[in-house]
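One file, coords11.pdb, is given below (PDB, C-alpha atoms).
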ATOM      1  CA  MET A  55      78.227  50.930 113.952
ATOM      2  CA  THR A  56      79.570  50.402 117.482
ATOM      3  CA  GLN A  57      79.372  46.596 117.210
ATOM      4  CA  PRO A  58      82.839  45.902 115.699
ATOM      5  CA  PHE A  59      84.456  48.092 118.339
ATOM      6  CA  VAL A  60      82.631  46.388 121.202
ATOM      7  CA  VAL A  61      83.113  42.826 119.876
ATOM      8  CA  LEU A  62      86.808  43.100 119.010
ATOM      9  CA  GLY A  63      87.623  45.063 122.136
ATOM     10  CA  ARG A  64      89.926  47.876 123.134
ATOM     11  CA  ASP A  65      93.222  45.949 122.920
ATOM     12  CA  PHE A  66      92.608  44.906 119.318
ATOM     13  CA  TRP A  67      91.686  48.403 118.194
ATOM     14  CA  PHE A  68      94.502  49.984 120.182
ATOM     15  CA  ALA A  69      97.008  47.736 118.368
ATOM     16  CA  VAL A  70      95.514  48.371 114.909
ATOM     17  CA  ALA A  71      95.167  52.094 115.536
ATOM     18  CA  GLY A  72      98.740  52.260 116.843
ATOM     19  CA  ILE A  73     100.051  51.002 113.504
ATOM     20  CA  LEU A  74      97.837  53.458 111.609
ATOM     21  CA  TRP A  75      98.958  56.240 113.936
ATOM     22  CA  ILE A  76     102.628  55.608 113.207
ATOM     23  CA  VAL A  77     102.028  55.346 109.447
ATOM     24  CA  GLY A  78      99.854  58.491 109.459
ATOM     25  CA  THR A  79     102.407  60.490 111.419
ATOM     26  CA  VAL A  80     105.256  59.412 109.115
ATOM     27  CA  ILE A  81     103.174  60.334 106.053
ATOM     28  CA  PHE A  82     102.328  63.725 107.548
ATOM     29  CA  ALA A  83     105.995  64.434 108.304
ATOM     30  CA  LEU A  84     107.059  63.310 104.806
ATOM     31  CA  GLU A  85     104.445  65.416 103.015
ATOM     32  CA  ILE A  86     105.193  68.547 105.030
ATOM     33  CA  SER A  87     108.923  68.110 104.413
ATOM     34  CA  GLY A  88     108.318  67.997 100.644
ATOM     35  CA  ARG A  89     108.496  64.239 100.099
ATOM     36  CA  THR A  90     105.891  61.679  99.229
ATOM     37  CA  ILE A  91     105.545  57.918  98.886
ATOM     38  CA  THR A  92     105.084  56.595  95.350
ATOM     39  CA  ARG A  93     105.426  53.188  93.713
ATOM     40  CA  ARG A  94     109.083  54.111  93.162
ATOM     41  CA  GLY A  95     109.623  54.763  96.866
ATOM     42  CA  ILE A  96     109.975  58.098  98.604
ATOM     43  CA  VAL A  97     110.438  60.931  96.097
ATOM     44  CA  LYS A  98     110.835  64.693  96.384
ATOM     45  CA  VAL A  99     107.865  66.856  95.477
ATOM     46  CA  ASP A 100     108.272  70.123  93.629
ATOM     47  CA  LEU A 101     105.894  72.030  95.872
ATOM     48  CA  ARG A 102     107.146  75.593  96.141
ATOM     49  CA  TRP A 103     104.966  76.753  99.021
ATOM     50  CA  ASP A 104     104.724  80.113  97.303
ATOM     51  CA  ALA A 105     102.052  82.756  97.906
ATOM     52  CA  VAL A 106      99.428  80.726  96.011
ATOM     53  CA  ASP A 107     100.028  77.517  97.984
ATOM     54  CA  VAL A 108     100.075  79.346 101.318
ATOM     55  CA  SER A 109      96.919  81.285 100.331
ATOM     56  CA  VAL A 110      95.211  77.996  99.510
ATOM     57  CA  THR A 111      96.198  76.630 102.932
ATOM     58  CA  ALA A 112      94.922  79.731 104.759
ATOM     59  CA  LEU A 113      91.727  79.835 102.710
ATOM     60  CA  THR A 114      90.874  76.178 103.175
ATOM     61  CA  ALA A 115      91.628  76.551 106.901
ATOM     62  CA  ALA A 116      89.147  79.442 107.101
ATOM     63  CA  LEU A 117      86.464  77.635 105.113
ATOM     64  CA  TYR A 118      86.824  74.359 106.986
ATOM     65  CA  GLY A 119      87.238  75.940 110.431
ATOM     66  CA  GLY A 120      84.305  78.293 109.859
ATOM     67  CA  ALA A 121      82.044  75.532 108.547
ATOM     68  CA  LEU A 122      82.847  73.300 111.531
ATOM     69  CA  ALA A 123      82.450  76.078 114.100
ATOM     70  CA  ALA A 124      79.089  77.156 112.698
ATOM     71  CA  THR A 125      77.544  73.945 114.052
ATOM     72  CA  GLY A 126      79.792  73.731 117.105
ATOM     73  CA  GLY A 127      76.895  74.255 119.494
ATOM     74  CA  ILE A 128      75.441  70.799 118.726
ATOM     75  CA  PRO A 129      77.571  68.251 120.632
ATOM     76  CA  ILE A 130      77.602  64.455 120.174
ATOM     77  CA  ILE A 131      80.091  63.711 122.941
ATOM     78  CA  PRO A 132      80.305  66.935 124.982
ATOM     79  CA  GLY A 133      83.954  67.971 125.095
ATOM     80  CA  PHE A 134      85.143  65.781 122.255
ATOM     81  CA  THR A 135      83.008  65.930 119.102
ATOM     82  CA  TRP A 136      79.956  67.581 117.624
ATOM     83  CA  VAL A 137      77.653  67.478 114.576
ATOM     84  CA  ARG A 138      79.972  68.386 111.699
ATOM     85  CA  PRO A 139      78.423  68.855 108.229
ATOM     86  CA  GLY A 140      81.547  70.886 107.406
ATOM     87  CA  ASN A 141      83.422  67.570 107.230
ATOM     88  CA  ALA A 142      82.181  67.336 103.637
ATOM     89  CA  LEU A 143      84.893  69.855 102.730
ATOM     90  CA  ALA A 144      87.841  67.801 104.037
ATOM     91  CA  PRO A 145      88.216  65.185 101.251
ATOM     92  CA  LEU A 146      87.224  67.827  98.708
ATOM     93  CA  PHE A 147      90.093  70.144  99.641
ATOM     94  CA  GLY A 148      92.542  67.255  99.498
ATOM     95  CA  MET A 149      91.345  66.157  96.066
ATOM     96  CA  LEU A 150      91.384  69.659  94.597
ATOM     97  CA  PHE A 151      94.365  71.325  96.290
ATOM     98  CA  GLY A 152      96.588  68.427  97.397
ATOM     99  CA  VAL A 153      98.870  68.865 100.405
ATOM    100  CA  PRO A 154      98.193  72.633 100.811
ATOM    101  CA  GLY A 155      94.471  71.814 101.022
ATOM    102  CA  ALA A 156      95.029  68.913 103.414
ATOM    103  CA  LEU A 157      97.150  71.125 105.674
ATOM    104  CA  GLY A 158      94.396  73.770 105.569
ATOM    105  CA  VAL A 159      91.936  71.114 106.744
ATOM    106  CA  ALA A 160      94.232  70.245 109.666
ATOM    107  CA  ILE A 161      94.580  73.893 110.716
ATOM    108  CA  GLY A 162      90.860  74.538 110.205
ATOM    109  CA  ASN A 163      90.025  71.676 112.552
ATOM    110  CA  PHE A 164      92.402  73.075 115.169
ATOM    111  CA  ILE A 165      90.782  76.539 114.948
ATOM    112  CA  ALA A 166      87.314  74.960 115.159
ATOM    113  CA  ASP A 167      88.394  73.068 118.293
ATOM    114  CA  ALA A 168      89.283  76.409 119.908
ATOM    115  CA  LEU A 169      85.986  78.000 118.870
ATOM    116  CA  THR A 170      83.873  75.136 120.180
ATOM    117  CA  GLY A 171      85.575  74.416 123.490
ATOM    118  CA  TYR A 172      87.188  71.187 122.325
ATOM    119  CA  LEU A 173      90.800  72.398 122.233
ATOM    120  CA  SER A 174      93.085  70.211 124.314
ATOM    121  CA  ILE A 175      96.238  68.188 123.867
ATOM    122  CA  GLY A 176      93.884  65.748 122.064
ATOM    123  CA  SER A 177      93.609  68.336 119.272
ATOM    124  CA  ILE A 178      97.070  67.323 118.056
ATOM    125  CA  GLY A 179      95.521  63.961 117.125
ATOM    126  CA  GLY A 180      92.650  65.797 115.428
ATOM    127  CA  PHE A 181      95.155  67.953 113.514
ATOM    128  CA  ILE A 182      96.847  65.016 111.805
ATOM    129  CA  GLY A 183      93.690  62.890 111.719
ATOM    130  CA  ASN A 184      91.912  65.525 109.661
ATOM    131  CA  PHE A 185      94.971  65.903 107.434
ATOM    132  CA  ILE A 186      94.593  62.180 106.670
ATOM    133  CA  ILE A 187      90.908  62.517 105.693
ATOM    134  CA  ALA A 188      92.001  64.983 102.991
ATOM    135  CA  TRP A 189      95.246  63.198 102.103
ATOM    136  CA  VAL A 190      93.810  59.728 101.351
ATOM    137  CA  PRO A 191      91.549  60.708  98.405
ATOM    138  CA  TYR A 192      94.224  63.159  97.165
ATOM    139  CA  LYS A 193      96.818  60.435  97.105
ATOM    140  CA  PHE A 194      94.929  57.335  96.018
ATOM    141  CA  MET A 195      92.363  58.625  93.522
ATOM    142  CA  ARG A 196      93.592  58.923  89.946
ATOM    143  CA  ASP A 197      90.675  61.002  88.640
ATOM    144  CA  HIS A 198      89.536  63.763  91.015
ATOM    145  CA  SER A 199      86.902  65.234  88.711
ATOM    146  CA  LEU A 200      83.965  63.337  90.244
ATOM    147  CA  ARG A 201      82.541  63.595  86.720
ATOM    148  CA  SER A 202      83.105  60.035  85.524
ATOM    149  CA  PRO A 203      82.002  56.611  86.796
ATOM    150  CA  ARG A 204      85.652  55.725  87.446
ATOM    151  CA  SER A 205      86.185  58.873  89.486
ATOM    152  CA  LEU A 206      83.075  58.235  91.579
ATOM    153  CA  ILE A 207      84.010  54.599  92.195
ATOM    154  CA  GLU A 208      87.516  55.669  93.248
ATOM    155  CA  TYR A 209      86.050  58.295  95.528
ATOM    156  CA  TYR A 210      83.685  55.897  97.245
ATOM    157  CA  ILE A 211      86.471  53.384  97.791
ATOM    158  CA  TRP A 212      89.149  55.752  99.045
ATOM    159  CA  GLY A 213      87.115  58.701 100.229
ATOM    160  CA  ASP A 214      84.321  56.952 101.988
ATOM    161  CA  ILE A 215      82.000  53.985 101.565
ATOM    162  CA  TRP A 216      79.152  53.268 103.961
ATOM    163  CA  GLY A 217      80.906  53.896 107.201
ATOM    164  CA  GLY A 218      84.204  54.875 105.711
ATOM    165  CA  VAL A 219      86.507  52.162 104.421
ATOM    166  CA  ILE A 220      89.738  54.062 104.342
ATOM    167  CA  SER A 221      89.969  57.748 105.187
ATOM    168  CA  SER A 222      87.195  58.041 107.767
ATOM    169  CA  ILE A 223      88.264  54.920 109.645
ATOM    170  CA  TRP A 224      91.899  55.957 109.520
ATOM    171  CA  CYS A 225      91.078  59.420 110.848
ATOM    172  CA  SER A 226      88.860  58.028 113.578
ATOM    173  CA  LEU A 227      91.376  55.409 114.714
ATOM    174  CA  TYR A 228      94.219  57.938 114.576
ATOM    175  CA  ILE A 229      92.433  60.324 116.947
ATOM    176  CA  SER A 230      91.047  57.514 119.133
ATOM    177  CA  TRP A 231      94.504  55.988 119.647
ATOM    178  CA  TRP A 232      95.834  59.384 120.704
ATOM    179  CA  LEU A 233      92.917  59.909 123.125
ATOM    180  CA  ASP A 234      93.404  56.394 124.538
ATOM    181  CA  LEU A 235      97.149  56.899 124.988
ATOM    182  CA  LEU A 236      96.607  60.207 126.780
ATOM    183  CA  GLU A 237      93.605  59.024 128.798
ATOM    184  CA  PRO A 238      95.208  59.897 132.156
ATOM    185  CA  VAL A 239      95.747  63.448 130.890
ATOM    186  CA  ILE A 240      92.688  64.049 128.700
ATOM    187  CA  GLY A 241      90.235  62.160 130.855
ATOM    188  CA  LEU A 242      87.961  60.553 128.243
ATOM    189  CA  PRO A 243      87.415  56.959 129.504
ATOM    190  CA  ARG A 244      88.828  54.287 127.174
ATOM    191  CA  ALA A 245      85.465  52.502 126.981
ATOM    192  CA  LEU A 246      83.937  55.731 125.677
ATOM    193  CA  VAL A 247      86.814  56.290 123.206
ATOM    194  CA  TRP A 248      86.333  52.898 121.493
ATOM    195  CA  GLY A 249      82.668  52.263 122.164
ATOM    196  CA  TRP A 250      81.335  55.688 121.296
ATOM    197  CA  PHE A 251      83.866  58.254 120.033
ATOM    198  CA  ALA A 252      85.523  56.112 117.324
ATOM    199  CA  PRO A 253      82.313  54.844 115.670
ATOM    200  CA  TRP A 254      80.695  58.268 115.891
ATOM    201  CA  VAL A 255      83.614  60.001 114.192
ATOM    202  CA  ILE A 256      83.351  57.463 111.353
ATOM    203  CA  PHE A 257      79.578  57.890 111.110
ATOM    204  CA  ASN A 258      79.794  61.682 111.364
ATOM    205  CA  ASN A 259      82.306  61.784 108.510
ATOM    206  CA  ALA A 260      80.596  59.148 106.395
ATOM    207  CA  VAL A 261      77.168  60.761 106.301
ATOM    208  CA  VAL A 262      78.346  64.023 104.772
ATOM    209  CA  THR A 263      81.283  62.767 102.722
ATOM    210  CA  THR A 264      79.112  60.190 100.941
ATOM    211  CA  THR A 265      76.436  62.730 100.097
ATOM    212  CA  LEU A 266      77.650  66.337  99.986
ATOM    213  CA  THR A 267      81.279  65.940  98.905
ATOM    214  CA  PRO A 268      80.659  64.375  95.454
ATOM    215  CA  ILE A 269      78.152  67.136  94.630
ATOM    216  CA  LEU A 270      80.521  69.909  95.737
ATOM    217  CA  GLY A 271      83.383  68.222  93.889
ATOM    218  CA  TYR A 272      81.344  67.953  90.707
ATOM    219  CA  LEU A 273      80.572  71.677  90.864
ATOM    220  CA  LEU A 274      84.021  72.955  91.868
ATOM    221  CA  TYR A 275      86.482  70.747  89.988
ATOM    222  CA  GLN A 276      86.120  72.447  86.602
ATOM    223  CA  PRO A 277      86.349  76.113  87.708
ATOM    224  CA  ILE A 278      89.318  75.340  89.961
ATOM    225  CA  LYS A 279      91.137  73.444  87.221
ATOM    226  CA  MET A 280      90.450  76.201  84.671
ATOM    227  CA  ARG A 281      92.135  78.738  86.954
ATOM    228  CA  GLY A 282      95.228  76.604  87.438
ATOM    229  CA  LEU A 283      94.617  75.876  91.113
ATOM    230  CA  TYR A 284      94.147  72.107  90.743
ATOM    231  CA  TRP A 285      97.140  70.447  92.451
ATOM    232  CA  LYS A 286      98.132  68.256  89.489
ATOM    233  CA  ASP A 287      98.634  71.400  87.408
ATOM    234  CA  ARG A 288     100.910  72.942  90.034
ATOM    235  CA  ILE A 289     102.925  70.102  91.551
ATOM    236  CA  ARG A 290     105.582  67.928  89.944
ATOM    237  CA  PHE A 291     107.209  64.816  91.370
ATOM    238  CA  ALA A 292     110.962  64.487  91.039
ATOM    239  CA  SER A 293     112.016  61.501  88.925
TER     240      SER A 293
ATOM    241  CA  MET B 167      97.187  74.422 132.255
ATOM    242  CA  VAL B 168     100.570  72.894 131.414
ATOM    243  CA  TYR B 169      99.073  71.581 128.162
ATOM    244  CA  ASP B 170      97.921  75.068 127.180
ATOM    245  CA  ILE B 171     101.564  76.083 127.492
ATOM    246  CA  VAL B 172     102.669  73.077 125.426
ATOM    247  CA  LEU B 173     100.197  73.923 122.654
ATOM    248  CA  THR B 174     101.147  77.616 122.691
ATOM    249  CA  ALA B 175     104.837  76.688 122.638
ATOM    250  CA  ILE B 176     104.302  74.558 119.502
ATOM    251  CA  GLY B 177     102.789  77.564 117.696
ATOM    252  CA  VAL B 178     105.583  79.885 118.846
ATOM    253  CA  ILE B 179     108.282  77.395 117.770
ATOM    254  CA  VAL B 180     106.754  76.931 114.308
ATOM    255  CA  LEU B 181     106.388  80.700 113.856
ATOM    256  CA  LEU B 182     109.954  81.396 114.985
ATOM    257  CA  ALA B 183     111.225  78.605 112.741
ATOM    258  CA  GLY B 184     109.434  80.279 109.809
ATOM    259  CA  LEU B 185     110.987  83.643 110.629
ATOM    260  CA  ALA B 186     114.418  82.031 110.950
ATOM    261  CA  MET B 187     113.924  80.331 107.560
ATOM    262  CA  PHE B 188     113.013  83.713 106.097
ATOM    263  CA  ALA B 189     116.181  85.248 107.512
ATOM    264  CA  MET B 190     118.204  82.388 106.023
ATOM    265  CA  LYS B 191     116.313  82.735 102.708
ATOM    266  CA  LYS B 192     115.136  79.113 102.877
ATOM    267  CA  SER B 193     112.103  78.017 100.914
ATOM    268  CA  GLY B 194     109.003  77.076 102.857
ATOM    269  CA  TRP B 195     109.309  79.958 105.293
ATOM    270  CA  MET B 196     105.942  81.319 104.255
ATOM    271  CA  LEU B 197     104.285  77.998 105.105
ATOM    272  CA  ALA B 198     105.870  77.834 108.554
ATOM    273  CA  VAL B 199     104.930  81.445 109.311
ATOM    274  CA  ALA B 200     101.324  80.855 108.157
ATOM    275  CA  VAL B 201     100.932  77.622 110.157
ATOM    276  CA  GLY B 202     102.516  79.188 113.253
ATOM    277  CA  ALA B 203     100.358  82.315 112.982
ATOM    278  CA  LEU B 204      97.120  80.365 112.454
ATOM    279  CA  TRP B 205      98.024  78.007 115.316
ATOM    280  CA  LEU B 206      98.569  80.992 117.612
ATOM    281  CA  LEU B 207      95.325  82.541 116.343
ATOM    282  CA  ALA B 208      93.538  79.413 117.576
ATOM    283  CA  MET B 209      95.304  79.715 120.936
ATOM    284  CA  GLY B 210      94.271  83.405 121.059
ATOM    285  CA  ILE B 211      90.634  82.426 120.470
ATOM    286  CA  TYR B 212      91.001  79.791 123.189
ATOM    287  CA  ALA B 213      92.353  82.378 125.657
ATOM    288  CA  ALA B 214      89.644  84.920 124.785
ATOM    289  CA  TYR B 215      86.851  82.340 125.135
ATOM    290  CA  ARG B 216      88.261  81.143 128.412
ATOM    291  CA  ALA B 217      88.432  84.687 129.763
ATOM    292  CA  SER B 218      84.857  85.327 128.588
ATOM    293  CA  GLY B 219      83.517  82.272 130.415
ATOM    294  CA  PHE B 220      82.254  80.689 127.188
ATOM    295  CA  TYR B 221      83.689  77.287 128.013
ATOM    296  CA  GLY B 222      81.842  74.917 130.277
ATOM    297  CA  PRO B 223      83.436  71.951 132.053
ATOM    298  CA  VAL B 224      83.374  70.305 128.600
ATOM    299  CA  GLY B 225      82.652  72.117 125.335
ATOM    300  CA  LEU B 226      80.764  75.403 125.300
ATOM    301  CA  ALA B 227      78.811  76.434 128.392
ATOM    302  CA  ALA B 228      75.126  76.056 127.551
ATOM    303  CA  GLY B 229      74.009  79.032 129.627
ATOM    304  CA  SER B 230      76.612  81.428 128.216
ATOM    305  CA  ALA B 231      76.701  83.413 124.988
ATOM    306  CA  GLY B 232      79.378  80.974 123.776
ATOM    307  CA  PRO B 233      77.242  78.813 121.443
ATOM    308  CA  LEU B 234      75.632  81.865 119.778
ATOM    309  CA  VAL B 235      78.927  83.745 119.432
ATOM    310  CA  THR B 236      80.590  80.629 118.011
ATOM    311  CA  THR B 237      77.832  80.116 115.447
ATOM    312  CA  ILE B 238      78.105  83.757 114.369
ATOM    313  CA  ILE B 239      81.924  83.668 114.196
ATOM    314  CA  GLY B 240      81.803  80.329 112.366
ATOM    315  CA  PHE B 241      79.474  81.633 109.676
ATOM    316  CA  LEU B 242      81.454  84.892 109.494
ATOM    317  CA  ILE B 243      84.769  83.087 108.927
ATOM    318  CA  PHE B 244      83.129  80.724 106.439
ATOM    319  CA  PHE B 245      81.565  83.495 104.359
ATOM    320  CA  LEU B 246      84.771  85.576 104.507
ATOM    321  CA  GLY B 247      86.540  82.474 103.191
ATOM    322  CA  VAL B 248      83.979  82.071 100.407
ATOM    323  CA  GLY B 249      84.403  85.774  99.536
ATOM    324  CA  ALA B 250      88.182  85.467  99.428
ATOM    325  CA  PHE B 251      87.890  82.281  97.364
ATOM    326  CA  LEU B 252      85.609  83.977  94.812
ATOM    327  CA  TYR B 253      87.976  86.989  94.701
ATOM    328  CA  ILE B 254      90.965  84.757  93.948
ATOM    329  CA  MET B 255      89.011  82.827  91.317
ATOM    330  CA  ARG B 256      87.977  86.066  89.594
ATOM    331  CA  LYS B 257      91.514  87.447  89.780
ATOM    332  CA  ARG B 258      93.020  84.326  88.245
ATOM    333  CA  ARG B 259      90.553  84.456  85.384
ATOM    334  CA  GLY B 260      91.761  87.953  84.435
TER     335      GLY B 260
END
Go ahead and express the file in the form of C-alpha cells.
Amino acid sequence: MTQPFVVLGRDFWFAVAGILWIVGTVIFALEISGRTITRRGIVKVDLRWDAVDVSVTALTAALYGGALAATGGIPIIPGFTWVRPGNALAPLFGMLFGVPGALGVAIGNFIADALTGYLSIGSIGGFIGNFIIAWVPYKFMRDHSLRSPRSLIEYYIWGDIWGGVISSIWCSLYISWWLDLLEPVIGLPRALVWGWFAPWVIFNNAVVTTTLTPILGYLLYQPIKMRGLYWKDRIRFAS
Amino acid sequence: MVYDIVLTAIGVIVLLAGLAMFAMKKSGWMLAVAVGALWLLAMGIYAAYRASGFYGPVGLAAGSAGPLVTTIIGFLIFFLGVGAFLYIMRKRRG
C-alpha cells in the first residue's frame, strides 16, 4: 500500500494532491452555495435547506461523529488518525441523503476529532476530505440502491475498489496535501504524511467501505426512499 | 493556541452569518446556524477535554480517563442518533 507513495515521492504526490485539493475545495464551495457541476455545466440546485435537510445534516453528523469517536482510543498514527470502522457510514450518507448527508459527514468528522484529541488546524482538511468521501458516490453513481449488479459495480468503482480508486484516494490526498502544506505549523513530518498517513487513510477507508457499506446500503435504501428522505426525491436541478 | 482561536472564530463567524441571514429572511440560515452551532460544540468539547487533562501530547492521554470517556460518549451520541433516526422514520410513516 505504501509502495506507490514511496516510489513516486513526495513532490509527485504533492503536485497531484494539490490539483485534487483545489478541485475538491471548489466543489465543496459550489455545493454549499447551492450549485453543482453537471454535464451542462454549473447549475443551480433546488435544495431548500429546510428543517428536514438540516435535521438530516445534524443526524448524520451525530451518527458519524459518534461512530468514529467510539473507537477513538485505538490510534494508528497517534495524533492524526485511528481505527475507524465508522467510515463505512460516510459514502452511505452521501448516497442516501446527498449534500445534507455529505455535510453531516464533514461535521461528524470534526466533532470526532475533538473527542479523540485529533482536533487541530489539520481538521479543516479532514472536514472537506470527509465531505468528498460522501460526495463522490452521491454524485457519480446513477443507482444508489445497492440492490442491482449495476449499482454494486458503480459503487465499487466510485465508492471504493481495493484500496480506493476515487473517493478514498481523493480524501486521503486532500488531507495529506493540507498536512504537508501546514507541516511547519502542524508538525507531522512530510515523510510520515506521504509514507504512512496517506496510504493508511486509504486502507482504513477501503476496508470498511468495501465490506460494511454495501450491506448497510442494501438494508437502508428502501426504508429511507419509502419515507421520502432519499435525496433524488427531494432535490431538483434547475434546467 | 492561535489556531484554537482561528478554529473558534470560524464557528462564530458561520453562526453569526446564519443569524444575520435569519434577520434578513434569507434562505439557508438554518444550515449556517446548525453548522456554526455544531462547529462550536466541537470546540466546546475540545476545551472541556483540554481542561480535564484528557489530551496527551498527541491524541488522548493513555493514563487518563480520556479514552474510556470518549468511547462512552461516542457510543452515547451514536445510539442517540440511531434513536432520533428511528423516531423520524416512524414519524414520516404516519
Discussion item. Report, in Å with one decimal, the straight-line distance from CA of Ile128 in chain A to CA of Gly162 in chain A.
Written reply: 18.0 Å
With a distance cut-off of 8 Å and all atoms listed in the file, select the neighbouring residues of Trp248 in chain A, excluding the residue or stretch itself and same-chain residues fewer than 5 positions from it, and output the selection as a PDB file with C-alpha atoms, keeping the file's coordinate frame.
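Wrote result00.pdb, looks like this:
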ATOM      1  CA  PHE A  59      84.456  48.092 118.339  1.00  0.00           C
ATOM      2  CA  VAL A  60      82.631  46.388 121.202  1.00  0.00           C
ATOM      3  CA  GLY A  63      87.623  45.063 122.136  1.00  0.00           C
ATOM      4  CA  ARG A  64      89.926  47.876 123.134  1.00  0.00           C
ATOM      5  CA  TRP A  67      91.686  48.403 118.194  1.00  0.00           C
ATOM      6  CA  SER A 230      91.047  57.514 119.133  1.00  0.00           C
ATOM      7  CA  PRO A 253      82.313  54.844 115.670  1.00  0.00           C
TER       8      PRO A 253
END
Report the closest atom pair, with its distance in Å rounded to one decimal, for each residue of chain A that has an atom no farther than 8 Å from chain B; count all atoms listed in the file, sort by chain and then rising residue number, and write it as a tab-separated table.
residue	atom	partner	partner_atom	distance
A:Arg102	CA	B:Gly194	CA	7.1
A:Trp103	CA	B:Gly194	CA	5.6
A:Asp104	CA	B:Met196	CA	7.2
A:Ala105	CA	B:Met196	CA	7.6
A:Val108	CA	B:Leu197	CA	5.8
A:Ala112	CA	B:Ala200	CA	7.3
A:Leu113	CA	B:Gly247	CA	5.8
A:Thr114	CA	B:Gly247	CA	7.6
A:Ala116	CA	B:Gly247	CA	5.6
A:Leu117	CA	B:Phe244	CA	4.7
A:Tyr118	CA	B:Phe244	CA	7.4
A:Gly119	CA	B:Gly240	CA	7.2
A:Gly120	CA	B:Gly240	CA	4.1
A:Ala121	CA	B:Phe244	CA	5.7
A:Leu122	CA	B:Gly240	CA	7.2
A:Ala123	CA	B:Gly240	CA	4.6
A:Ala124	CA	B:Gly240	CA	4.2
A:Thr125	CA	B:Thr237	CA	6.3
A:Gly126	CA	B:Thr237	CA	6.9
A:Gly127	CA	B:Pro233	CA	5.0
A:Pro129	CA	B:Gly225	CA	7.9
A:Pro132	CA	B:Gly225	CA	5.7
A:Gly133	CA	B:Val224	CA	4.3
A:Phe134	CA	B:Gly225	CA	7.5
A:Ile161	CA	B:Trp205	CA	7.1
A:Phe164	CA	B:Ala208	CA	6.9
A:Ile165	CA	B:Ala208	CA	4.8
A:Ala168	CA	B:Tyr212	CA	5.0
A:Leu169	CA	B:Thr236	CA	6.1
A:Thr170	CA	B:Leu226	CA	6.0
A:Gly171	CA	B:Gly225	CA	4.2
A:Tyr172	CA	B:Gly225	CA	5.5
A:Leu173	CA	B:Tyr212	CA	7.5
A:Ser174	CA	B:Tyr169	CA	7.2
A:Ile175	CA	B:Tyr169	CA	6.2
A:Ile278	CA	B:Met255	CA	7.6
A:Arg281	CA	B:Arg258	CA	5.8
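Excluding Ser87 in chain A itself and same-chain residues fewer than 4 positions from it, the residues having an atom within 10 Å of it are Ile81, Phe82, Ala83, Lys98, Val99 and Leu101 of chain A; Gly194 of chain B, counting only C-alpha atoms.
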Discussion item. Can you pull out the residues contacting Leu182 in chain B? Cut-off 10 Å, using all atoms listed in the file, and skip same-chain residues under 2 positions away; I want them as number ranges by chain.
Written reply: B: 176-180, 184-188, 195, 198-199, 202-203
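Atom pair CA of Leu235 in chain A / CA of Ala71 in chain A has a distance of 10.8 Å (rounded to one decimal).
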